[in-house]
file model_21.cif (mmCIF, N, CA, C and O atoms)
data_structure
#
loop_
_atom_site.label_atom_id
_atom_site.label_comp_id
_atom_site.auth_asym_id
_atom_site.auth_seq_id
_atom_site.Cartn_x
_atom_site.Cartn_y
_atom_site.Cartn_z
N MET A 1 30.20 52.05 16.34
CA MET A 1 30.84 51.29 17.38
C MET A 1 29.95 50.12 17.82
O MET A 1 30.43 49.02 17.98
N ARG A 2 28.65 50.42 18.03
CA ARG A 2 27.74 49.37 18.45
C ARG A 2 27.62 48.28 17.39
O ARG A 2 27.52 47.11 17.71
N THR A 3 27.62 48.65 16.13
CA THR A 3 27.49 47.69 15.06
C THR A 3 28.68 46.74 15.03
O THR A 3 28.52 45.54 14.84
N SER A 4 29.87 47.26 15.22
CA SER A 4 31.05 46.40 15.19
C SER A 4 31.11 45.48 16.40
O SER A 4 31.54 44.33 16.30
N VAL A 5 30.65 45.94 17.56
CA VAL A 5 30.63 45.10 18.75
C VAL A 5 29.60 43.98 18.56
O VAL A 5 29.86 42.82 18.86
N LEU A 6 28.45 44.37 18.04
CA LEU A 6 27.40 43.38 17.79
C LEU A 6 27.85 42.36 16.76
O LEU A 6 27.65 41.15 16.92
N SER A 7 28.48 42.81 15.70
CA SER A 7 28.99 41.91 14.66
C SER A 7 30.04 40.96 15.24
O SER A 7 30.05 39.76 14.92
N SER A 8 30.92 41.47 16.04
CA SER A 8 31.96 40.64 16.65
C SER A 8 31.35 39.59 17.57
O SER A 8 31.77 38.44 17.60
N PHE A 9 30.35 40.01 18.35
CA PHE A 9 29.68 39.09 19.25
C PHE A 9 28.98 37.97 18.48
O PHE A 9 29.09 36.79 18.82
N LEU A 10 28.25 38.32 17.42
CA LEU A 10 27.55 37.32 16.61
C LEU A 10 28.54 36.37 15.92
O LEU A 10 28.31 35.17 15.85
N PHE A 11 29.65 36.92 15.42
CA PHE A 11 30.67 36.08 14.79
C PHE A 11 31.22 35.07 15.79
O PHE A 11 31.35 33.88 15.49
N ALA A 12 31.51 35.52 17.00
CA ALA A 12 32.04 34.63 18.03
C ALA A 12 31.02 33.57 18.41
O ALA A 12 31.36 32.39 18.60
N LEU A 13 29.77 33.97 18.51
CA LEU A 13 28.71 33.04 18.87
C LEU A 13 28.55 31.95 17.80
O LEU A 13 28.49 30.76 18.11
N PHE A 14 28.48 32.34 16.54
CA PHE A 14 28.32 31.36 15.46
C PHE A 14 29.54 30.46 15.30
O PHE A 14 29.43 29.28 15.01
N THR A 15 30.71 31.01 15.51
CA THR A 15 31.93 30.22 15.41
C THR A 15 31.95 29.16 16.52
O THR A 15 32.27 27.99 16.27
N THR A 16 31.59 29.54 17.71
CA THR A 16 31.55 28.61 18.84
C THR A 16 30.52 27.51 18.59
O THR A 16 30.78 26.33 18.83
N ALA A 17 29.36 27.89 18.07
CA ALA A 17 28.31 26.91 17.80
C ALA A 17 28.73 25.93 16.72
O ALA A 17 28.48 24.73 16.82
N SER A 18 29.38 26.41 15.68
CA SER A 18 29.78 25.50 14.59
C SER A 18 30.87 24.54 15.05
O SER A 18 30.91 23.39 14.64
N VAL A 19 31.77 25.00 15.92
CA VAL A 19 32.81 24.12 16.45
C VAL A 19 32.19 23.07 17.35
O VAL A 19 32.54 21.89 17.30
N ALA A 20 31.20 23.46 18.14
CA ALA A 20 30.54 22.51 19.04
C ALA A 20 29.79 21.45 18.25
O ALA A 20 29.79 20.27 18.61
N VAL A 21 29.15 21.84 17.17
CA VAL A 21 28.40 20.88 16.36
C VAL A 21 29.34 19.91 15.66
O VAL A 21 29.11 18.71 15.60
N SER A 22 30.42 20.42 15.11
CA SER A 22 31.34 19.54 14.38
C SER A 22 32.11 18.62 15.33
O SER A 22 32.57 17.56 14.92
N ALA A 23 32.21 18.97 16.61
CA ALA A 23 32.92 18.14 17.57
C ALA A 23 31.99 17.20 18.32
O ALA A 23 32.42 16.45 19.17
N ALA A 24 30.69 17.24 18.03
CA ALA A 24 29.73 16.38 18.73
C ALA A 24 30.01 14.93 18.40
O ALA A 24 30.35 14.58 17.27
N PRO A 25 29.88 14.04 19.39
CA PRO A 25 30.14 12.61 19.15
C PRO A 25 29.07 12.01 18.24
O PRO A 25 27.91 12.42 18.26
N VAL A 26 29.47 11.04 17.47
CA VAL A 26 28.57 10.34 16.57
C VAL A 26 27.87 9.23 17.35
O VAL A 26 28.51 8.50 18.09
N ALA A 27 26.56 9.12 17.18
CA ALA A 27 25.81 8.08 17.87
C ALA A 27 26.19 6.71 17.34
O ALA A 27 26.38 6.54 16.14
N GLU A 28 26.29 5.75 18.24
CA GLU A 28 26.62 4.39 17.82
C GLU A 28 25.41 3.73 17.19
O GLU A 28 24.28 3.94 17.61
N VAL A 29 25.65 2.91 16.21
CA VAL A 29 24.59 2.15 15.57
C VAL A 29 24.63 0.74 16.12
O VAL A 29 25.66 0.07 16.04
N SER A 30 23.52 0.31 16.71
CA SER A 30 23.50 -1.03 17.29
C SER A 30 23.21 -2.07 16.21
O SER A 30 22.67 -1.77 15.15
N ALA A 31 23.58 -3.28 16.49
CA ALA A 31 23.34 -4.38 15.56
C ALA A 31 21.84 -4.65 15.50
O ALA A 31 21.13 -4.51 16.48
N PRO A 32 21.34 -5.05 14.33
CA PRO A 32 19.91 -5.34 14.22
C PRO A 32 19.51 -6.53 15.10
O PRO A 32 20.27 -7.47 15.27
N VAL A 33 18.32 -6.46 15.65
CA VAL A 33 17.80 -7.52 16.50
C VAL A 33 17.12 -8.54 15.61
O VAL A 33 16.26 -8.18 14.81
N PRO A 34 17.48 -9.82 15.71
CA PRO A 34 16.82 -10.82 14.88
C PRO A 34 15.34 -10.93 15.23
O PRO A 34 14.95 -10.83 16.38
N ILE A 35 14.53 -11.15 14.20
CA ILE A 35 13.09 -11.28 14.37
C ILE A 35 12.71 -12.70 14.00
O ILE A 35 13.21 -13.25 13.03
N SER A 36 11.80 -13.27 14.78
CA SER A 36 11.38 -14.64 14.50
C SER A 36 10.65 -14.69 13.15
O SER A 36 10.11 -13.70 12.69
N ALA A 37 10.61 -15.85 12.54
CA ALA A 37 10.02 -16.00 11.21
C ALA A 37 8.56 -15.59 11.15
O ALA A 37 8.17 -14.85 10.25
N PRO A 38 7.67 -16.01 12.08
CA PRO A 38 6.28 -15.57 11.98
C PRO A 38 6.13 -14.07 12.12
O PRO A 38 5.35 -13.45 11.41
N ALA A 39 6.89 -13.45 13.02
CA ALA A 39 6.80 -12.00 13.19
C ALA A 39 7.32 -11.31 11.95
O ALA A 39 6.80 -10.28 11.54
N MET A 40 8.35 -11.86 11.32
CA MET A 40 8.91 -11.26 10.13
C MET A 40 7.90 -11.31 8.99
O MET A 40 7.79 -10.37 8.22
N GLN A 41 7.16 -12.40 8.86
CA GLN A 41 6.16 -12.50 7.81
C GLN A 41 5.16 -11.36 7.90
O GLN A 41 4.88 -10.70 6.92
N ALA A 42 4.62 -11.14 9.06
CA ALA A 42 3.60 -10.12 9.24
C ALA A 42 4.20 -8.74 9.02
O ALA A 42 3.55 -7.86 8.49
N GLU A 43 5.45 -8.54 9.44
CA GLU A 43 6.07 -7.24 9.31
C GLU A 43 6.34 -6.89 7.86
O GLU A 43 6.25 -5.75 7.47
N GLN A 44 6.67 -7.84 7.04
CA GLN A 44 6.97 -7.58 5.65
C GLN A 44 5.73 -7.50 4.79
O GLN A 44 5.81 -7.35 3.59
N GLY A 45 4.56 -7.57 5.39
CA GLY A 45 3.33 -7.44 4.63
C GLY A 45 2.89 -8.74 3.97
O GLY A 45 1.99 -8.72 3.14
N GLU A 46 3.53 -9.83 4.31
CA GLU A 46 3.10 -11.10 3.75
C GLU A 46 1.82 -11.55 4.42
O GLU A 46 1.48 -11.11 5.50
N ARG A 47 1.13 -12.45 3.78
CA ARG A 47 -0.13 -12.95 4.31
C ARG A 47 0.08 -13.96 5.42
O ARG A 47 1.10 -14.63 5.47
N ILE A 48 -0.91 -14.06 6.30
CA ILE A 48 -0.88 -15.01 7.40
C ILE A 48 -1.48 -16.32 6.90
O ILE A 48 -2.58 -16.33 6.34
N ASN A 49 -0.77 -17.42 7.09
CA ASN A 49 -1.25 -18.72 6.65
C ASN A 49 -2.26 -19.26 7.65
O ASN A 49 -1.91 -19.57 8.79
N LEU A 50 -3.51 -19.38 7.23
CA LEU A 50 -4.57 -19.88 8.11
C LEU A 50 -4.31 -21.32 8.56
O LEU A 50 -4.80 -21.73 9.61
N ASN A 51 -3.59 -22.07 7.79
CA ASN A 51 -3.37 -23.48 8.11
C ASN A 51 -2.17 -23.73 9.01
O ASN A 51 -1.98 -24.85 9.47
N THR A 52 -1.37 -22.70 9.29
CA THR A 52 -0.20 -22.91 10.15
C THR A 52 -0.08 -21.89 11.28
O THR A 52 0.64 -22.14 12.24
N ALA A 53 -0.76 -20.77 11.19
CA ALA A 53 -0.64 -19.71 12.21
C ALA A 53 -1.23 -20.16 13.54
O ALA A 53 -2.25 -20.84 13.58
N ASP A 54 -0.57 -19.78 14.61
CA ASP A 54 -1.11 -20.08 15.94
C ASP A 54 -2.10 -18.99 16.36
O ASP A 54 -2.22 -17.96 15.70
N ALA A 55 -2.80 -19.24 17.45
CA ALA A 55 -3.84 -18.32 17.92
C ALA A 55 -3.26 -16.94 18.24
O ALA A 55 -3.89 -15.91 17.95
N GLU A 56 -2.08 -16.91 18.80
CA GLU A 56 -1.45 -15.64 19.16
C GLU A 56 -1.21 -14.77 17.93
O GLU A 56 -1.48 -13.58 17.93
N MET A 57 -0.71 -15.38 16.87
CA MET A 57 -0.45 -14.62 15.65
C MET A 57 -1.75 -14.15 15.00
O MET A 57 -1.84 -13.02 14.53
N LEU A 58 -2.74 -15.02 14.98
CA LEU A 58 -4.03 -14.64 14.40
C LEU A 58 -4.62 -13.46 15.15
O LEU A 58 -5.12 -12.51 14.55
N GLN A 59 -4.56 -13.50 16.47
CA GLN A 59 -5.08 -12.42 17.29
C GLN A 59 -4.33 -11.12 17.03
O GLN A 59 -4.93 -10.05 16.92
N ARG A 60 -3.03 -11.20 16.92
CA ARG A 60 -2.20 -10.02 16.75
C ARG A 60 -2.35 -9.39 15.36
O ARG A 60 -2.36 -8.17 15.23
N GLU A 61 -2.51 -10.20 14.33
CA GLU A 61 -2.44 -9.70 12.97
C GLU A 61 -3.78 -9.44 12.29
O GLU A 61 -3.84 -8.69 11.33
N LEU A 62 -4.84 -10.06 12.77
CA LEU A 62 -6.12 -9.93 12.08
C LEU A 62 -7.03 -8.93 12.79
O LEU A 62 -7.19 -8.97 14.01
N ALA A 63 -7.64 -8.06 12.02
CA ALA A 63 -8.54 -7.04 12.56
C ALA A 63 -9.84 -7.69 13.04
O ALA A 63 -10.42 -8.52 12.35
N GLY A 64 -10.28 -7.33 14.23
CA GLY A 64 -11.52 -7.84 14.77
C GLY A 64 -11.43 -9.24 15.34
O GLY A 64 -12.44 -9.83 15.71
N VAL A 65 -10.23 -9.78 15.41
CA VAL A 65 -10.04 -11.13 15.94
C VAL A 65 -9.31 -11.02 17.27
O VAL A 65 -8.14 -10.63 17.32
N GLY A 66 -10.04 -11.34 18.33
CA GLY A 66 -9.45 -11.34 19.67
C GLY A 66 -9.03 -12.74 20.06
O GLY A 66 -8.98 -13.66 19.23
N GLU A 67 -8.76 -12.91 21.32
CA GLU A 67 -8.28 -14.20 21.82
C GLU A 67 -9.27 -15.33 21.56
O GLU A 67 -8.90 -16.40 21.07
N ALA A 68 -10.56 -15.10 21.85
CA ALA A 68 -11.57 -16.15 21.69
C ALA A 68 -11.74 -16.56 20.22
O ALA A 68 -11.80 -17.75 19.90
N LYS A 69 -11.78 -15.59 19.34
CA LYS A 69 -11.95 -15.91 17.91
C LYS A 69 -10.71 -16.59 17.34
O LYS A 69 -10.81 -17.50 16.52
N ALA A 70 -9.55 -16.15 17.78
CA ALA A 70 -8.31 -16.78 17.31
C ALA A 70 -8.26 -18.24 17.75
O ALA A 70 -7.91 -19.13 16.96
N LYS A 71 -8.64 -18.49 19.00
CA LYS A 71 -8.66 -19.88 19.48
C LYS A 71 -9.72 -20.69 18.74
O LYS A 71 -9.52 -21.88 18.47
N ALA A 72 -10.85 -20.06 18.40
CA ALA A 72 -11.89 -20.75 17.65
C ALA A 72 -11.41 -21.13 16.25
O ALA A 72 -11.74 -22.21 15.75
N ILE A 73 -10.62 -20.27 15.63
CA ILE A 73 -10.07 -20.58 14.30
C ILE A 73 -9.15 -21.79 14.39
O ILE A 73 -9.24 -22.73 13.58
N VAL A 74 -8.28 -21.80 15.38
CA VAL A 74 -7.35 -22.93 15.56
C VAL A 74 -8.12 -24.20 15.89
O VAL A 74 -7.84 -25.28 15.34
N ALA A 75 -9.13 -24.10 16.76
CA ALA A 75 -9.92 -25.28 17.12
C ALA A 75 -10.68 -25.83 15.91
O ALA A 75 -10.75 -27.05 15.72
N TYR A 76 -11.22 -24.95 15.09
CA TYR A 76 -11.92 -25.38 13.88
C TYR A 76 -10.96 -26.13 12.96
O TYR A 76 -11.27 -27.19 12.42
N ARG A 77 -9.77 -25.58 12.80
CA ARG A 77 -8.75 -26.21 11.93
C ARG A 77 -8.35 -27.57 12.47
O ARG A 77 -8.20 -28.53 11.71
N GLU A 78 -8.21 -27.69 13.78
CA GLU A 78 -7.82 -28.97 14.38
C GLU A 78 -8.94 -30.01 14.26
O GLU A 78 -8.68 -31.19 14.06
N ALA A 79 -10.19 -29.56 14.33
CA ALA A 79 -11.33 -30.48 14.25
C ALA A 79 -11.67 -30.88 12.82
O ALA A 79 -12.10 -32.01 12.57
N ASN A 80 -11.47 -29.97 11.87
CA ASN A 80 -11.92 -30.20 10.49
C ASN A 80 -10.80 -30.32 9.47
O ASN A 80 -11.07 -30.47 8.28
N GLY A 81 -9.57 -30.20 9.89
CA GLY A 81 -8.46 -30.24 8.95
C GLY A 81 -8.17 -28.86 8.40
O GLY A 81 -8.80 -27.87 8.77
N GLU A 82 -7.22 -28.80 7.51
CA GLU A 82 -6.79 -27.52 6.95
C GLU A 82 -7.93 -26.82 6.21
O GLU A 82 -8.82 -27.47 5.66
N PHE A 83 -7.87 -25.51 6.20
CA PHE A 83 -8.85 -24.72 5.45
C PHE A 83 -8.63 -24.95 3.96
O PHE A 83 -7.52 -24.89 3.47
N ALA A 84 -9.71 -25.23 3.25
CA ALA A 84 -9.63 -25.42 1.81
C ALA A 84 -9.88 -24.11 1.07
O ALA A 84 -9.49 -23.96 -0.08
N SER A 85 -10.53 -23.17 1.75
CA SER A 85 -10.88 -21.89 1.16
C SER A 85 -10.87 -20.82 2.25
O SER A 85 -11.19 -21.10 3.41
N ILE A 86 -10.54 -19.62 1.89
CA ILE A 86 -10.58 -18.52 2.85
C ILE A 86 -12.01 -18.28 3.31
O ILE A 86 -12.26 -17.96 4.47
N ASP A 87 -12.98 -18.50 2.42
CA ASP A 87 -14.38 -18.33 2.77
C ASP A 87 -14.84 -19.33 3.83
O ASP A 87 -15.86 -19.11 4.50
N GLU A 88 -14.09 -20.39 4.02
CA GLU A 88 -14.42 -21.38 5.05
C GLU A 88 -14.32 -20.77 6.46
O GLU A 88 -14.88 -21.31 7.41
N LEU A 89 -13.65 -19.64 6.58
CA LEU A 89 -13.58 -18.94 7.86
C LEU A 89 -14.98 -18.58 8.37
O LEU A 89 -15.19 -18.46 9.58
N LEU A 90 -15.93 -18.43 7.47
CA LEU A 90 -17.31 -18.12 7.87
C LEU A 90 -17.93 -19.23 8.70
O LEU A 90 -18.90 -19.00 9.41
N GLU A 91 -17.37 -20.42 8.62
CA GLU A 91 -17.87 -21.56 9.41
C GLU A 91 -17.41 -21.51 10.87
O GLU A 91 -17.94 -22.20 11.71
N VAL A 92 -16.42 -20.67 11.15
CA VAL A 92 -15.89 -20.54 12.51
C VAL A 92 -16.83 -19.64 13.31
O VAL A 92 -17.21 -18.56 12.86
N LYS A 93 -17.19 -20.11 14.50
CA LYS A 93 -18.08 -19.35 15.36
C LYS A 93 -17.46 -17.98 15.69
O LYS A 93 -16.31 -17.90 16.11
N GLY A 94 -18.22 -16.91 15.45
CA GLY A 94 -17.76 -15.56 15.74
C GLY A 94 -17.17 -14.84 14.55
O GLY A 94 -16.92 -13.64 14.63
N ILE A 95 -16.93 -15.54 13.47
CA ILE A 95 -16.38 -14.90 12.28
C ILE A 95 -17.52 -14.68 11.29
O ILE A 95 -18.14 -15.63 10.81
N GLY A 96 -17.78 -13.43 11.01
CA GLY A 96 -18.84 -13.09 10.06
C GLY A 96 -18.26 -12.49 8.80
O GLY A 96 -17.04 -12.38 8.63
N LYS A 97 -19.15 -12.08 7.92
CA LYS A 97 -18.72 -11.52 6.63
C LYS A 97 -17.86 -10.27 6.81
O LYS A 97 -16.89 -10.07 6.08
N ALA A 98 -18.22 -9.42 7.77
CA ALA A 98 -17.47 -8.17 7.97
C ALA A 98 -16.01 -8.45 8.36
O ALA A 98 -15.09 -7.85 7.81
N ILE A 99 -15.82 -9.36 9.30
CA ILE A 99 -14.45 -9.69 9.74
C ILE A 99 -13.69 -10.37 8.60
O ILE A 99 -12.52 -10.09 8.37
N LEU A 100 -14.37 -11.24 7.88
CA LEU A 100 -13.71 -11.91 6.75
C LEU A 100 -13.25 -10.89 5.72
O LEU A 100 -12.11 -10.95 5.25
N GLU A 101 -14.10 -9.95 5.36
CA GLU A 101 -13.74 -8.96 4.34
C GLU A 101 -12.62 -8.03 4.81
O GLU A 101 -11.78 -7.63 4.01
N LYS A 102 -12.58 -7.68 6.10
CA LYS A 102 -11.52 -6.85 6.63
C LYS A 102 -10.16 -7.53 6.50
O LYS A 102 -9.13 -6.88 6.38
N ASN A 103 -10.17 -8.86 6.57
CA ASN A 103 -8.92 -9.61 6.63
C ASN A 103 -8.62 -10.44 5.41
O ASN A 103 -7.60 -11.12 5.37
N ARG A 104 -9.47 -10.39 4.40
CA ARG A 104 -9.29 -11.24 3.22
C ARG A 104 -7.91 -11.06 2.59
O ARG A 104 -7.27 -12.04 2.17
N ASP A 105 -7.41 -9.84 2.53
CA ASP A 105 -6.11 -9.59 1.90
C ASP A 105 -4.93 -9.88 2.83
O ASP A 105 -3.78 -9.79 2.42
N LYS A 106 -5.20 -10.26 4.07
CA LYS A 106 -4.14 -10.54 5.04
C LYS A 106 -3.89 -12.03 5.23
O LYS A 106 -2.92 -12.40 5.86
N VAL A 107 -4.78 -12.88 4.71
CA VAL A 107 -4.67 -14.31 4.96
C VAL A 107 -4.44 -15.09 3.67
O VAL A 107 -4.80 -14.65 2.59
N SER A 108 -3.85 -16.26 3.84
CA SER A 108 -3.63 -17.17 2.72
C SER A 108 -3.78 -18.59 3.23
O SER A 108 -3.94 -18.83 4.43
N LEU A 109 -3.72 -19.53 2.32
CA LEU A 109 -3.85 -20.94 2.69
C LEU A 109 -2.55 -21.70 2.54
O LEU A 109 -2.48 -22.88 2.85
N ASN A 110 -1.52 -21.06 2.06
CA ASN A 110 -0.22 -21.74 1.90
C ASN A 110 0.91 -20.85 2.29
O ASN A 110 0.84 -19.72 2.44
#

call {"tool": "encode", "arguments": {"input": "model_21.cif", "output": "structure tokens"}}
result
Amino acid sequence: MRTSVLSSFLFALFTTASVAVSAAPVAEVSAPVPISAPAMQAEQGERINLNTADAEMLQRELAGVGEAKAKAIVAYREANGEFASIDELLEVKGIGKAILEKNRDKVSLN
């Protein structure tokens, strides 16, 4: 008797649960949010162009580069023209070999 009552109870419980799950509302999918071109570049794993990136992007995307170093990179570029080589970053005050090597694969010149 106890087995049949227990079986009936479990059957009712599982039936109710399966009906509740199948009747659950489907979550709405929102439209994708457009991303600006510079943010999209960094998100897709593309390299940051040293000759066009602004200080904010340099700060956000490069390891070991804070606000002061990012501004120094932009100031160097404005004073000396476009970077001819990635190694030219060593000429920027505050950028040493360690920071250059951390970011070598993240930057480009075009």

call {"tool": "resolve_selection", "arguments": {"input": "model_21.cif", "expression": "the PyMOL selection byres (((chain A and resi 75-80 and name CA) around 12) and name CA)", "output": "list of chain:residue names"}}
result
A:Asn49, A:Leu50, A:Asn51, A:Thr52, A:Ala53, A:Asp54, A:Ala55, A:Ala68, A:Lys69, A:Ala70, A:Lys71, A:Ala72, A:Ile73, A:Val74, A:Gly81, A:Glu82, A:Phe83, A:Ala84, A:Ser85, A:Glu88, A:Leu89, A:Leu90, A:Glu91, A:Val92, A:Lys93, A:Gly94, A:Ile95, A:Leu109

call {"tool": "closest_residue", "arguments": {"input": "model_21.cif", "among": "A:Ile48, A:Ser8, A:Met57, A:Val65", "to": "A:Asp105", "atoms": "only C-alpha atoms"}}
result
A:Ile48

call {"tool": "atom_distance", "arguments": {"input": "model_21.cif", "atom1": "atom CA of A:Lys102", "atom2": "atom CA of A:Glu61"}}
result
11.4 Å

call {"tool": "atom_distance", "arguments": {"input": "model_21.cif", "atom1": "atom CA of A:Glu67", "atom2": "atom CA of A:Asp87"}}
result
20.4 Å

call {"tool": "atom_distance", "arguments": {"input": "model_21.cif", "atom1": "atom CA of A:Lys106", "atom2": "atom CA of A:Arg47"}}
result
4.7 Å

call {"tool": "closest_residue", "arguments": {"input": "model_21.cif", "among": "A:Asn110, A:Leu58, A:Glu46, A:Gly64", "to": "A:Ala98", "atoms": "all atoms listed in the file"}}
result
A:Gly64

call {"tool": "decode", "arguments": {"input": "model_21.cif", "residues": "stretch 45-54 of chain A", "atoms": "all heavy atoms", "output": "PDB file, in the first residue's frame"}}
result
ATOM      1  N   GLY A  45      40.289  41.111 -31.383  1.00  0.00           N
ATOM      2  CA  GLY A  45      41.661  40.646 -31.317  1.00  0.00           C
ATOM      3  C   GLY A  45      42.574  41.295 -32.340  1.00  0.00           C
ATOM      4  O   GLY A  45      43.702  40.848 -32.515  1.00  0.00           O
ATOM      5  N   GLU A  46      42.098  42.315 -33.014  1.00  0.00           N
ATOM      6  CA  GLU A  46      42.951  43.002 -33.959  1.00  0.00           C
ATOM      7  C   GLU A  46      43.940  43.877 -33.210  1.00  0.00           C
ATOM      8  O   GLU A  46      43.742  44.222 -32.062  1.00  0.00           O
ATOM      9  CB  GLU A  46      42.104  43.848 -34.918  1.00  0.00           C
ATOM     10  CG  GLU A  46      41.257  43.003 -35.842  1.00  0.00           C
ATOM     11  CD  GLU A  46      40.515  43.834 -36.851  1.00  0.00           C
ATOM     12  OE1 GLU A  46      40.901  44.995 -37.091  1.00  0.00           O
ATOM     13  OE2 GLU A  46      39.543  43.325 -37.407  1.00  0.00           O
ATOM     14  N   ARG A  47      44.991  44.247 -33.878  1.00  0.00           N
ATOM     15  CA  ARG A  47      46.029  45.065 -33.265  1.00  0.00           C
ATOM     16  C   ARG A  47      45.615  46.527 -33.184  1.00  0.00           C
ATOM     17  O   ARG A  47      44.815  47.003 -33.973  1.00  0.00           O
ATOM     18  CB  ARG A  47      47.317  44.932 -34.062  1.00  0.00           C
ATOM     19  CG  ARG A  47      47.870  43.526 -34.002  1.00  0.00           C
ATOM     20  CD  ARG A  47      49.102  43.410 -34.848  1.00  0.00           C
ATOM     21  NE  ARG A  47      49.667  42.091 -34.693  1.00  0.00           N
ATOM     22  CZ  ARG A  47      50.960  41.851 -34.626  1.00  0.00           C
ATOM     23  NH1 ARG A  47      51.827  42.843 -34.732  1.00  0.00           N
ATOM     24  NH2 ARG A  47      51.403  40.636 -34.479  1.00  0.00           N
ATOM     25  N   ILE A  48      46.193  47.224 -32.212  1.00  0.00           N
ATOM     26  CA  ILE A  48      45.944  48.641 -32.016  1.00  0.00           C
ATOM     27  C   ILE A  48      46.943  49.415 -32.872  1.00  0.00           C
ATOM     28  O   ILE A  48      48.140  49.174 -32.793  1.00  0.00           O
ATOM     29  CB  ILE A  48      46.156  49.032 -30.528  1.00  0.00           C
ATOM     30  CG1 ILE A  48      45.348  48.133 -29.601  1.00  0.00           C
ATOM     31  CG2 ILE A  48      45.835  50.502 -30.310  1.00  0.00           C
ATOM     32  CD1 ILE A  48      43.886  48.103 -29.861  1.00  0.00           C
ATOM     33  N   ASN A  49      46.453  50.338 -33.679  1.00  0.00           N
ATOM     34  CA  ASN A  49      47.318  51.130 -34.541  1.00  0.00           C
ATOM     35  C   ASN A  49      47.954  52.256 -33.730  1.00  0.00           C
ATOM     36  O   ASN A  49      47.259  53.164 -33.272  1.00  0.00           O
ATOM     37  CB  ASN A  49      46.512  51.692 -35.714  1.00  0.00           C
ATOM     38  CG  ASN A  49      47.370  52.386 -36.735  1.00  0.00           C
ATOM     39  OD1 ASN A  49      48.447  52.888 -36.431  1.00  0.00           O
ATOM     40  ND2 ASN A  49      46.894  52.408 -37.967  1.00  0.00           N
ATOM     41  N   LEU A  50      49.262  52.191 -33.560  1.00  0.00           N
ATOM     42  CA  LEU A  50      49.980  53.210 -32.792  1.00  0.00           C
ATOM     43  C   LEU A  50      49.870  54.596 -33.421  1.00  0.00           C
ATOM     44  O   LEU A  50      49.992  55.601 -32.727  1.00  0.00           O
ATOM     45  CB  LEU A  50      51.460  52.849 -32.669  1.00  0.00           C
ATOM     46  CG  LEU A  50      51.810  51.739 -31.700  1.00  0.00           C
ATOM     47  CD1 LEU A  50      53.303  51.457 -31.756  1.00  0.00           C
ATOM     48  CD2 LEU A  50      51.396  52.094 -30.291  1.00  0.00           C
ATOM     49  N   ASN A  51      49.666  54.655 -34.706  1.00  0.00           N
ATOM     50  CA  ASN A  51      49.636  55.941 -35.403  1.00  0.00           C
ATOM     51  C   ASN A  51      48.260  56.591 -35.432  1.00  0.00           C
ATOM     52  O   ASN A  51      48.142  57.742 -35.853  1.00  0.00           O
ATOM     53  CB  ASN A  51      50.185  55.778 -36.818  1.00  0.00           C
ATOM     54  CG  ASN A  51      51.662  55.474 -36.792  1.00  0.00           C
ATOM     55  OD1 ASN A  51      52.410  56.016 -35.985  1.00  0.00           O
ATOM     56  ND2 ASN A  51      52.096  54.574 -37.659  1.00  0.00           N
ATOM     57  N   THR A  52      47.222  55.886 -34.986  1.00  0.00           N
ATOM     58  CA  THR A  52      45.881  56.480 -35.008  1.00  0.00           C
ATOM     59  C   THR A  52      45.134  56.360 -33.681  1.00  0.00           C
ATOM     60  O   THR A  52      44.170  57.087 -33.474  1.00  0.00           O
ATOM     61  CB  THR A  52      45.008  55.831 -36.106  1.00  0.00           C
ATOM     62  OG1 THR A  52      44.897  54.427 -35.842  1.00  0.00           O
ATOM     63  CG2 THR A  52      45.592  56.078 -37.486  1.00  0.00           C
ATOM     64  N   ALA A  53      45.553  55.479 -32.802  1.00  0.00           N
ATOM     65  CA  ALA A  53      44.836  55.260 -31.537  1.00  0.00           C
ATOM     66  C   ALA A  53      44.945  56.484 -30.627  1.00  0.00           C
ATOM     67  O   ALA A  53      45.993  57.124 -30.558  1.00  0.00           O
ATOM     68  CB  ALA A  53      45.387  54.037 -30.831  1.00  0.00           C
ATOM     69  N   ASP A  54      43.863  56.780 -29.942  1.00  0.00           N
ATOM     70  CA  ASP A  54      43.906  57.878 -28.969  1.00  0.00           C
ATOM     71  C   ASP A  54      44.409  57.359 -27.621  1.00  0.00           C
ATOM     72  O   ASP A  54      44.565  56.153 -27.423  1.00  0.00           O
ATOM     73  CB  ASP A  54      42.537  58.544 -28.841  1.00  0.00           C
ATOM     74  CG  ASP A  54      41.442  57.614 -28.346  1.00  0.00           C
ATOM     75  OD1 ASP A  54      41.720  56.439 -28.024  1.00  0.00           O
ATOM     76  OD2 ASP A  54      40.286  58.059 -28.274  1.00  0.00           O
TER      77      ASP A  54
END
